[in-house]
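File shown here: protein.txt, holding compact mmCIF, C-alpha atoms.
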```txt
# COMPACT_ATOMS: atom_id res chain seq x y z
CA MET A 807 -23.30 57.85 -155.54
CA LYS A 808 -26.57 59.75 -155.59
CA THR A 809 -28.24 61.85 -152.93
CA ILE A 810 -31.80 60.62 -152.50
CA LEU A 811 -34.59 62.19 -150.43
CA VAL A 812 -37.40 59.80 -149.49
CA THR A 813 -40.52 61.12 -147.76
CA GLY A 814 -42.50 58.97 -145.34
CA ALA A 815 -39.49 56.66 -145.16
CA ALA A 816 -39.70 55.25 -141.64
CA LYS A 817 -42.20 52.49 -142.41
CA GLY A 818 -43.90 50.53 -145.18
CA ILE A 819 -42.80 50.95 -148.79
CA GLY A 820 -40.78 54.07 -147.96
CA LYS A 821 -38.72 52.20 -145.38
CA THR A 822 -37.87 49.44 -147.84
CA LEU A 823 -36.93 52.00 -150.48
CA ALA A 824 -34.70 53.99 -148.14
CA GLN A 825 -32.98 50.95 -146.65
CA ASN A 826 -32.16 49.33 -149.97
CA LEU A 827 -31.06 52.56 -151.65
CA ALA A 828 -28.74 53.28 -148.73
CA ILE A 829 -27.30 49.76 -148.86
CA ASP A 830 -26.77 50.30 -152.60
CA GLY A 831 -24.28 53.03 -151.67
CA ASN A 832 -26.38 56.17 -152.01
CA GLN A 833 -26.63 59.06 -149.58
CA VAL A 834 -30.20 58.91 -148.29
CA VAL A 835 -32.25 61.40 -146.30
CA ILE A 836 -35.08 59.68 -144.47
CA ASN A 837 -38.02 61.97 -143.82
CA PHE A 838 -40.50 61.01 -141.11
CA ASN A 839 -43.23 62.71 -139.12
CA LYS A 840 -44.69 60.46 -136.41
CA SER A 841 -42.46 57.38 -136.65
CA GLU A 842 -39.42 58.85 -134.90
CA GLU A 843 -38.41 55.68 -133.05
CA SER A 844 -38.43 53.65 -136.27
CA ALA A 845 -36.40 56.32 -138.10
CA LYS A 846 -33.76 56.45 -135.36
CA LYS A 847 -33.46 52.66 -135.32
CA MET A 848 -33.06 52.62 -139.11
CA LYS A 849 -30.25 55.14 -138.86
CA VAL A 850 -28.39 53.12 -136.22
CA ASP A 851 -28.86 49.81 -138.06
CA LEU A 852 -27.83 51.17 -141.46
CA GLU A 853 -24.82 53.07 -140.14
CA LYS A 854 -23.57 49.78 -138.67
CA LYS A 855 -23.56 48.52 -142.26
CA GLY A 856 -21.49 51.48 -143.41
CA CYS A 857 -24.37 53.42 -144.98
CA ASP A 858 -24.41 57.20 -145.31
CA LEU A 859 -27.80 58.56 -144.29
CA ALA A 860 -29.57 61.23 -142.30
CA ILE A 861 -33.03 61.48 -140.76
CA PHE A 862 -35.25 64.56 -140.54
CA LYS A 863 -38.63 65.08 -138.92
CA ALA A 864 -41.06 67.15 -140.99
CA ASP A 865 -44.80 67.26 -141.54
CA ILE A 866 -44.66 67.66 -145.30
CA SER A 867 -48.31 68.68 -145.50
CA LYS A 868 -46.99 72.03 -144.18
CA GLN A 869 -45.02 74.11 -146.68
CA GLU A 870 -42.78 75.75 -144.08
CA GLU A 871 -41.64 72.34 -142.80
CA VAL A 872 -40.94 71.17 -146.34
CA LYS A 873 -38.56 74.08 -146.85
CA LYS A 874 -36.68 73.11 -143.68
CA LEU A 875 -36.43 69.50 -144.91
CA VAL A 876 -35.04 70.48 -148.30
CA ASP A 877 -32.67 73.07 -146.78
CA PHE A 878 -31.37 70.38 -144.40
CA THR A 879 -30.76 67.97 -147.28
CA ILE A 880 -28.86 70.57 -149.32
CA LYS A 881 -26.84 71.67 -146.29
CA THR A 882 -25.95 68.05 -145.45
CA TYR A 883 -25.21 66.66 -148.92
CA LYS A 884 -24.95 69.79 -151.15
CA LYS A 885 -27.39 68.36 -153.72
CA ILE A 886 -30.52 66.29 -154.38
CA ASP A 887 -30.25 63.89 -157.31
CA VAL A 888 -33.42 61.89 -156.65
CA LEU A 889 -36.69 62.70 -154.91
CA ILE A 890 -39.10 59.92 -153.97
CA ASN A 891 -42.49 61.26 -152.89
CA ASN A 892 -43.75 58.33 -150.86
CA ALA A 893 -45.56 59.73 -147.80
CA GLY A 894 -49.28 59.01 -147.74
CA ILE A 895 -52.28 57.96 -145.69
CA ASP A 896 -55.43 56.00 -146.49
CA SER A 897 -59.08 56.62 -145.66
CA ILE A 898 -61.93 54.17 -146.10
CA GLY A 899 -65.60 55.08 -145.82
CA LEU A 900 -68.75 55.99 -147.65
CA PHE A 901 -68.53 59.10 -149.82
CA THR A 902 -71.60 60.58 -148.10
CA LYS A 903 -69.87 60.26 -144.73
CA ILE A 904 -66.62 62.05 -145.63
CA THR A 905 -66.22 65.19 -143.52
CA ASN A 906 -64.55 68.35 -144.76
CA GLU A 907 -61.76 67.75 -142.25
CA GLU A 908 -61.14 64.19 -143.49
CA TRP A 909 -61.14 65.31 -147.13
CA LYS A 910 -58.70 68.15 -146.44
CA ASN A 911 -56.39 65.87 -144.45
CA ILE A 912 -56.12 63.31 -147.26
CA ILE A 913 -55.52 65.97 -149.90
CA ASP A 914 -52.98 67.79 -147.72
CA VAL A 915 -50.95 64.69 -146.82
CA ASN A 916 -51.18 62.78 -150.10
CA LEU A 917 -51.34 65.46 -152.80
CA ASN A 918 -50.39 68.90 -151.48
CA SER A 919 -47.24 67.45 -149.90
CA VAL A 920 -46.09 66.21 -153.31
CA PHE A 921 -46.62 69.70 -154.71
CA TYR A 922 -44.72 71.35 -151.85
CA VAL A 923 -41.73 68.98 -151.82
CA THR A 924 -41.41 68.73 -155.59
CA GLN A 925 -41.59 72.48 -156.10
CA GLU A 926 -38.87 73.06 -153.52
CA VAL A 927 -36.58 70.29 -154.81
CA VAL A 928 -37.01 71.16 -158.48
CA LYS A 929 -35.49 74.61 -157.86
CA HIS A 930 -32.20 72.85 -157.11
CA MET A 931 -32.50 70.26 -159.89
CA ILE A 932 -33.12 72.90 -162.57
CA THR A 933 -29.86 74.69 -161.79
CA LYS A 934 -27.98 71.42 -162.35
CA LYS A 935 -30.05 70.44 -165.41
CA ASN A 936 -30.45 66.96 -164.00
CA GLY A 937 -32.76 65.06 -161.69
CA CYS A 938 -35.09 62.12 -161.13
CA ILE A 939 -38.43 62.29 -159.33
CA ILE A 940 -40.50 59.23 -158.45
CA ASN A 941 -44.03 59.62 -157.10
CA ILE A 942 -45.62 56.70 -155.29
CA SER A 943 -49.30 56.74 -156.25
CA SER A 944 -51.70 53.77 -156.43
CA VAL A 945 -53.76 51.60 -158.73
CA TRP A 946 -56.75 53.41 -157.23
CA GLY A 947 -55.48 56.62 -158.77
CA MET A 948 -55.74 54.85 -162.13
CA VAL A 949 -59.15 53.19 -161.82
CA GLY A 950 -60.75 54.46 -158.59
CA ALA A 951 -61.85 52.49 -155.53
CA SER A 952 -65.27 52.20 -153.97
CA CYS A 953 -65.36 53.73 -150.48
CA GLU A 954 -61.93 55.31 -151.05
CA VAL A 955 -62.92 58.39 -153.03
CA ALA A 956 -60.64 60.87 -151.26
CA TYR A 957 -57.66 58.53 -151.47
CA SER A 958 -58.32 57.75 -155.15
CA VAL A 959 -58.64 61.45 -156.00
CA SER A 960 -55.38 62.29 -154.21
CA LYS A 961 -53.49 59.57 -156.07
CA ALA A 962 -55.03 60.47 -159.44
CA GLY A 963 -53.88 64.02 -158.81
CA ILE A 964 -50.33 62.79 -158.29
CA ASP A 965 -50.42 60.96 -161.62
CA ALA A 966 -51.74 64.05 -163.41
CA MET A 967 -48.97 66.11 -161.84
CA THR A 968 -46.44 63.53 -163.00
CA LYS A 969 -47.57 63.72 -166.62
CA SER A 970 -47.71 67.52 -166.70
CA LEU A 971 -44.35 68.02 -165.01
CA ALA A 972 -42.66 65.50 -167.28
CA LYS A 973 -43.45 67.79 -170.21
CA GLU A 974 -42.42 70.94 -168.35
CA LEU A 975 -39.22 69.60 -166.79
CA GLY A 976 -37.99 67.42 -169.66
CA PRO A 977 -36.04 70.26 -171.30
CA SER A 978 -34.14 70.61 -167.99
CA ASN A 979 -33.21 66.90 -168.13
CA ILE A 980 -35.41 66.11 -165.12
CA ARG A 981 -37.35 62.85 -165.36
CA ILE A 982 -40.53 62.27 -163.36
CA ASN A 983 -42.57 59.08 -163.17
CA SER A 984 -45.21 57.52 -160.94
CA ILE A 985 -45.14 54.04 -159.45
CA ALA A 986 -48.74 52.96 -158.84
CA PRO A 987 -48.59 49.80 -156.70
CA GLY A 988 -51.36 47.26 -156.41
CA ILE A 989 -51.92 45.63 -153.04
CA ILE A 990 -48.60 45.43 -151.21
CA ASP A 991 -47.86 43.57 -147.98
CA THR A 992 -47.47 46.55 -145.62
CA SER A 993 -49.16 47.76 -142.45
CA MET A 994 -51.53 49.90 -144.54
CA ASN A 995 -53.40 46.70 -145.41
CA ASP A 996 -53.53 45.32 -141.87
CA THR A 997 -57.22 46.20 -141.67
CA LEU A 998 -58.00 43.54 -144.27
CA SER A 999 -59.02 40.14 -142.92
CA PHE A 1000 -57.41 36.91 -144.12
CA GLU A 1001 -60.54 36.16 -146.16
CA GLU A 1002 -60.52 39.62 -147.78
CA LYS A 1003 -56.85 39.24 -148.71
CA GLN A 1004 -57.53 35.80 -150.14
CA ASP A 1005 -60.37 37.18 -152.28
CA ILE A 1006 -57.97 39.76 -153.70
CA ILE A 1007 -55.28 37.15 -154.33
CA ASN A 1008 -57.84 35.12 -156.29
CA GLU A 1009 -58.27 38.15 -158.61
CA ILE A 1010 -54.52 38.60 -159.23
CA PRO A 1011 -53.20 36.63 -162.24
CA LEU A 1012 -49.80 36.12 -160.58
CA GLY A 1013 -51.60 34.75 -157.53
CA ARG A 1014 -49.87 36.73 -154.78
CA ILE A 1015 -49.81 40.00 -152.92
CA GLY A 1016 -46.85 42.19 -153.81
CA LYS A 1017 -43.86 42.92 -151.58
CA ALA A 1018 -42.31 46.30 -150.86
CA GLN A 1019 -39.17 44.86 -152.46
CA ASP A 1020 -41.05 44.76 -155.78
CA ILE A 1021 -41.54 48.53 -155.56
CA TYR A 1022 -37.88 49.06 -154.70
CA LYS A 1023 -36.80 47.15 -157.81
CA CYS A 1024 -39.04 49.36 -159.96
CA ALA A 1025 -37.72 52.53 -158.32
CA LYS A 1026 -34.10 51.38 -158.75
CA TRP A 1027 -34.69 50.88 -162.46
CA LEU A 1028 -36.27 54.33 -162.83
CA ILE A 1029 -33.31 55.92 -161.05
CA GLU A 1030 -30.81 54.18 -163.31
CA ASP A 1031 -32.78 54.69 -166.54
CA ASN A 1032 -32.28 57.90 -168.52
CA TYR A 1033 -35.06 57.88 -171.11
CA THR A 1034 -38.30 57.17 -169.25
CA THR A 1035 -40.46 60.08 -168.11
CA GLY A 1036 -44.13 60.91 -167.68
CA GLN A 1037 -45.10 57.27 -167.14
CA ILE A 1038 -47.45 55.63 -164.65
CA ILE A 1039 -45.93 52.22 -163.94
CA SER A 1040 -48.10 49.82 -161.95
CA PRO A 1041 -46.52 46.75 -160.32
CA ASN A 1042 -49.73 44.91 -159.41
CA GLY A 1043 -49.37 41.29 -160.51
CA GLY A 1044 -51.85 41.82 -163.35
CA TRP A 1045 -54.64 42.73 -160.90
CA ILE A 1046 -55.32 45.95 -162.83
CA ILE A 1047 -54.53 46.05 -166.53
CA THR A 1048 -55.29 49.24 -168.44
```

I'd like the structure from this file rewritten - as structure tokens, please.
Amino acid sequence: MKTILVTGAAKGIGKTLAQNLAIDGNQVVINFNKSEESAKKMKVDLEKKGCDLAIFKADISKQEEVKKLVDFTIKTYKKIDVLINNAGIDSIGLFTKITNEEWKNIIDVNLNSVFYVTQEVVKHMITKKNGCIINISSVWGMVGASCEVAYSVSKAGIDAMTKSLAKELGPSNIRINSIAPGIIDTSMNDTLSFEEKQDIINEIPLGRIGKAQDIYKCAKWLIEDNYTTGQIISPNGGWIIT
């Protein structure tokens, strides 16, 4: 049984990750910020299935709240074996129209949060000489997206952090990898019309949009594996091949 902290875990990919990892028999801490009702419902539903989990509200773009989240996890379960940095927001618009406030918000939520949470968790992993960190980035961090400059930059930063930390933390037996999903069927893509989704599907060799379950399967493998680190793994149906 592992203790797993998942950020942004009350909806989307994070929710699927947390639910399945809890059902697998792990102790899971579900972090949320605005989706309190969803987090509470998850807790009730999963506890009915015999799962061991806890929920904690924290705005992880704020360092002081991150410390409270990590302290809560350690106090509750005495350890953190796996960290999944999943929380993130999107922003679509012309580069020339991005305001300083919008830019800062994307970087704070998507990138700075990963720095804050990882730095706090790693302190505990180093003492045990063991740990697994999975960052959820994006294909747009790999190749960039038109009209999503801030989002692409934030995700590319996560991947760069992943590669650098893999070298630094390897001697402490801490593995860190990024999962960079292609288009996944979650609420983040609800703004796309049926026609826009169909156009994307036509570009994907496997001919379908991915499911959050596909990301869970990748994360489960990375948790169980003991020799993969510093990698950017992109489940995207062949949409982006680098």

**Request:** Go through A:Gly963, A:Pro977, A:Gly1044, A:Gly1036 and flag the residue nearest Ile1010 (chain A), using all atoms listed in the file for the distances.
**Result:**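 Selected residue with least distance to Ile1010 (chain A): A:Gly1044.
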
**Spatial neighbours of Gly950 (chain A), max dist 10 Å, only C-alpha atoms, sep filter under 6 positions, as a ChimeraX atom specification** = /A:944,956-959,961-962

**Complete:** Min atom-atom distance to Thr1034 (chain A) from the set A:Thr905, A:Asn979, A:Gln1004, A:Thr879, counting all atoms listed in the file, belongs to A:Asn979

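Distances to Lys874 (chain A) were evaluated for A:Val927, A:Ile1046, A:Met807, A:Leu1028 using only C-alpha atoms, and the minimum falls at A:Val927.
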
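Residue nearest Asn911 (chain A), chosen from A:Ala951, A:Glu843, A:Val923, A:Ser867 and counting all atoms listed in the file: A:Ser867.
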
**Request:** Just the residues within 6 Å of Asn936 (chain A), please, counting all atoms listed in the file, with nothing from its chain fewer than 2 positions along; format it as an NGL selection string.
**Result:** :A and (931 or 934 or 979-980)

**Complete:** The residue from A:Asn826, A:Thr809, A:Ile861, A:Lys873 with the smallest atom-to-atom distance to Asp1020 (chain A), counting all atoms listed in the file, is A:Asn826

**Prompt:** So, counting only C-alpha atoms, which residue among A:Val920, A:Leu852, A:Ala828, A:Val949 is closest to Ala893 (chain A)?
**Reply:** A:Val920

**Two-atom distance - CA of Glu907 (chain A), CA of Ser943 (chain A) (Å)** =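 Distance reported for this atom pair: 21.7 Å.
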
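If you look at CA of Lys817 (chain A) and CA of Lys929 (chain A), they are 27.8 Å away from each other.
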
Shell of 8 Å around Ala986 (chain A), only C-alpha atoms, local chain residues under 4 positions omitted, as a PDB file with C-alpha atoms, in the frame of the given file:
```pdb
ATOM      1  CA  ILE A 942     -45.620  56.700-155.290  1.00  0.00           C
ATOM      2  CA  SER A 943     -49.300  56.740-156.250  1.00  0.00           C
ATOM      3  CA  SER A 944     -51.700  53.770-156.430  1.00  0.00           C
ATOM      4  CA  VAL A 945     -53.760  51.600-158.730  1.00  0.00           C
ATOM      5  CA  GLY A 947     -55.480  56.620-158.770  1.00  0.00           C
ATOM      6  CA  MET A 948     -55.740  54.850-162.130  1.00  0.00           C
ATOM      7  CA  ILE A1038     -47.450  55.630-164.650  1.00  0.00           C
ATOM      8  CA  ILE A1039     -45.930  52.220-163.940  1.00  0.00           C
ATOM      9  CA  SER A1040     -48.100  49.820-161.950  1.00  0.00           C
ATOM     10  CA  PRO A1041     -46.520  46.750-160.320  1.00  0.00           C
TER      11      PRO A1041
END
```

**Asked** Which residues, written as a list of chain:residue names, have at least one atom at most 12 Å from Ser841 (chain A), with only C-alpha atoms counted and residues fewer than 6 positions away on the same chain left out?
**Response**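 Contacts, with the query itself left out: A:Thr813, A:Gly814, A:Ala815, A:Ala816, A:Lys817, A:Gly818, A:Gly820, A:Lys821, A:Lys847, A:Met848, A:Ile861, A:Phe862, A:Lys863, A:Ala864, A:Asp865, A:Ala893.
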
**Separation of CA of Asp858 (chain A) from CA of Gln833 (chain A) in Å** = 5.2 Å

**Message:** Given the point (-40.8, 47.5, -155.2) in the coordinates of this file, which residues lie within 12 Å, counting only C-alpha atoms, and how would they look as a PyMOL selection string?
**Reply:** chain A and resi 818-824+826-827+942+985-992+1015-1028+1039-1043

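All residues of protein, DNA or RNA that reach within 12 Å of His930 (chain A), judged by all atoms listed in the file and not counting those fewer than 5 positions away in the chain, are Val876, Asp877, Thr879, Ile880, Lys884, Lys885, Ile886, Asp887, Val888, Leu889, Val923, Thr924, Gln925, Lys935, Asn936, Gly937, Cys938, Ser978 and Ile980 of chain A.
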
Return the padded bounding box of region 976-980 of chain A as JSON: axis-aligned, built from all atoms listed in the file, 8 Å added on each side, with centre and edge lengths in Å to one decimal.
```
{"center_x": -35.6, "center_y": 68.4, "center_z": -168.2, "size_x": 20.8, "size_y": 20.5, "size_z": 22.2}
```

Could you pull region 1020-1046 of chain A out of the structure just shown and give C-alpha atoms as an mmCIF file, in the first residue's frame?
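Output (selection-v3.cif):
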```cif
data_model
loop_
_atom_site.group_PDB
_atom_site.id
_atom_site.type_symbol
_atom_site.label_atom_id
_atom_site.label_comp_id
_atom_site.auth_asym_id
_atom_site.auth_seq_id
_atom_site.Cartn_x
_atom_site.Cartn_y
_atom_site.Cartn_z
ATOM 1 C CA ASP A 1020 -5.665 5.993 -20.460
ATOM 2 C CA ILE A 1021 -3.744 8.452 -18.280
ATOM 3 C CA TYR A 1022 -4.444 6.403 -15.166
ATOM 4 C CA LYS A 1023 -2.977 3.292 -16.805
ATOM 5 C CA CYS A 1024 0.189 5.224 -17.668
ATOM 6 C CA ALA A 1025 0.468 6.627 -14.140
ATOM 7 C CA LYS A 1026 -0.077 3.175 -12.604
ATOM 8 C CA TRP A 1027 2.789 1.794 -14.675
ATOM 9 C CA LEU A 1028 5.101 4.644 -13.653
ATOM 10 C CA ILE A 1029 4.272 4.055 -9.986
ATOM 11 C CA GLU A 1030 5.018 0.343 -10.249
ATOM 12 C CA ASP A 1031 8.131 0.726 -12.424
ATOM 13 C CA ASN A 1032 11.502 1.242 -10.736
ATOM 14 C CA TYR A 1033 13.853 2.207 -13.571
ATOM 15 C CA THR A 1034 12.152 4.987 -15.527
ATOM 16 C CA THR A 1035 12.959 8.603 -14.689
ATOM 17 C CA GLY A 1036 13.326 11.932 -16.464
ATOM 18 C CA GLN A 1037 10.952 10.922 -19.263
ATOM 19 C CA ILE A 1038 8.153 12.815 -20.997
ATOM 20 C CA ILE A 1039 5.576 10.173 -21.905
ATOM 21 C CA SER A 1040 2.764 11.323 -24.185
ATOM 22 C CA PRO A 1041 -0.392 9.200 -24.512
ATOM 23 C CA ASN A 1042 -1.924 10.959 -27.522
ATOM 24 C CA GLY A 1043 -3.013 8.308 -30.013
ATOM 25 C CA GLY A 1044 -0.173 9.237 -32.372
ATOM 26 C CA TRP A 1045 -1.516 12.793 -32.767
ATOM 27 C CA ILE A 1046 1.908 14.214 -31.854
#
```
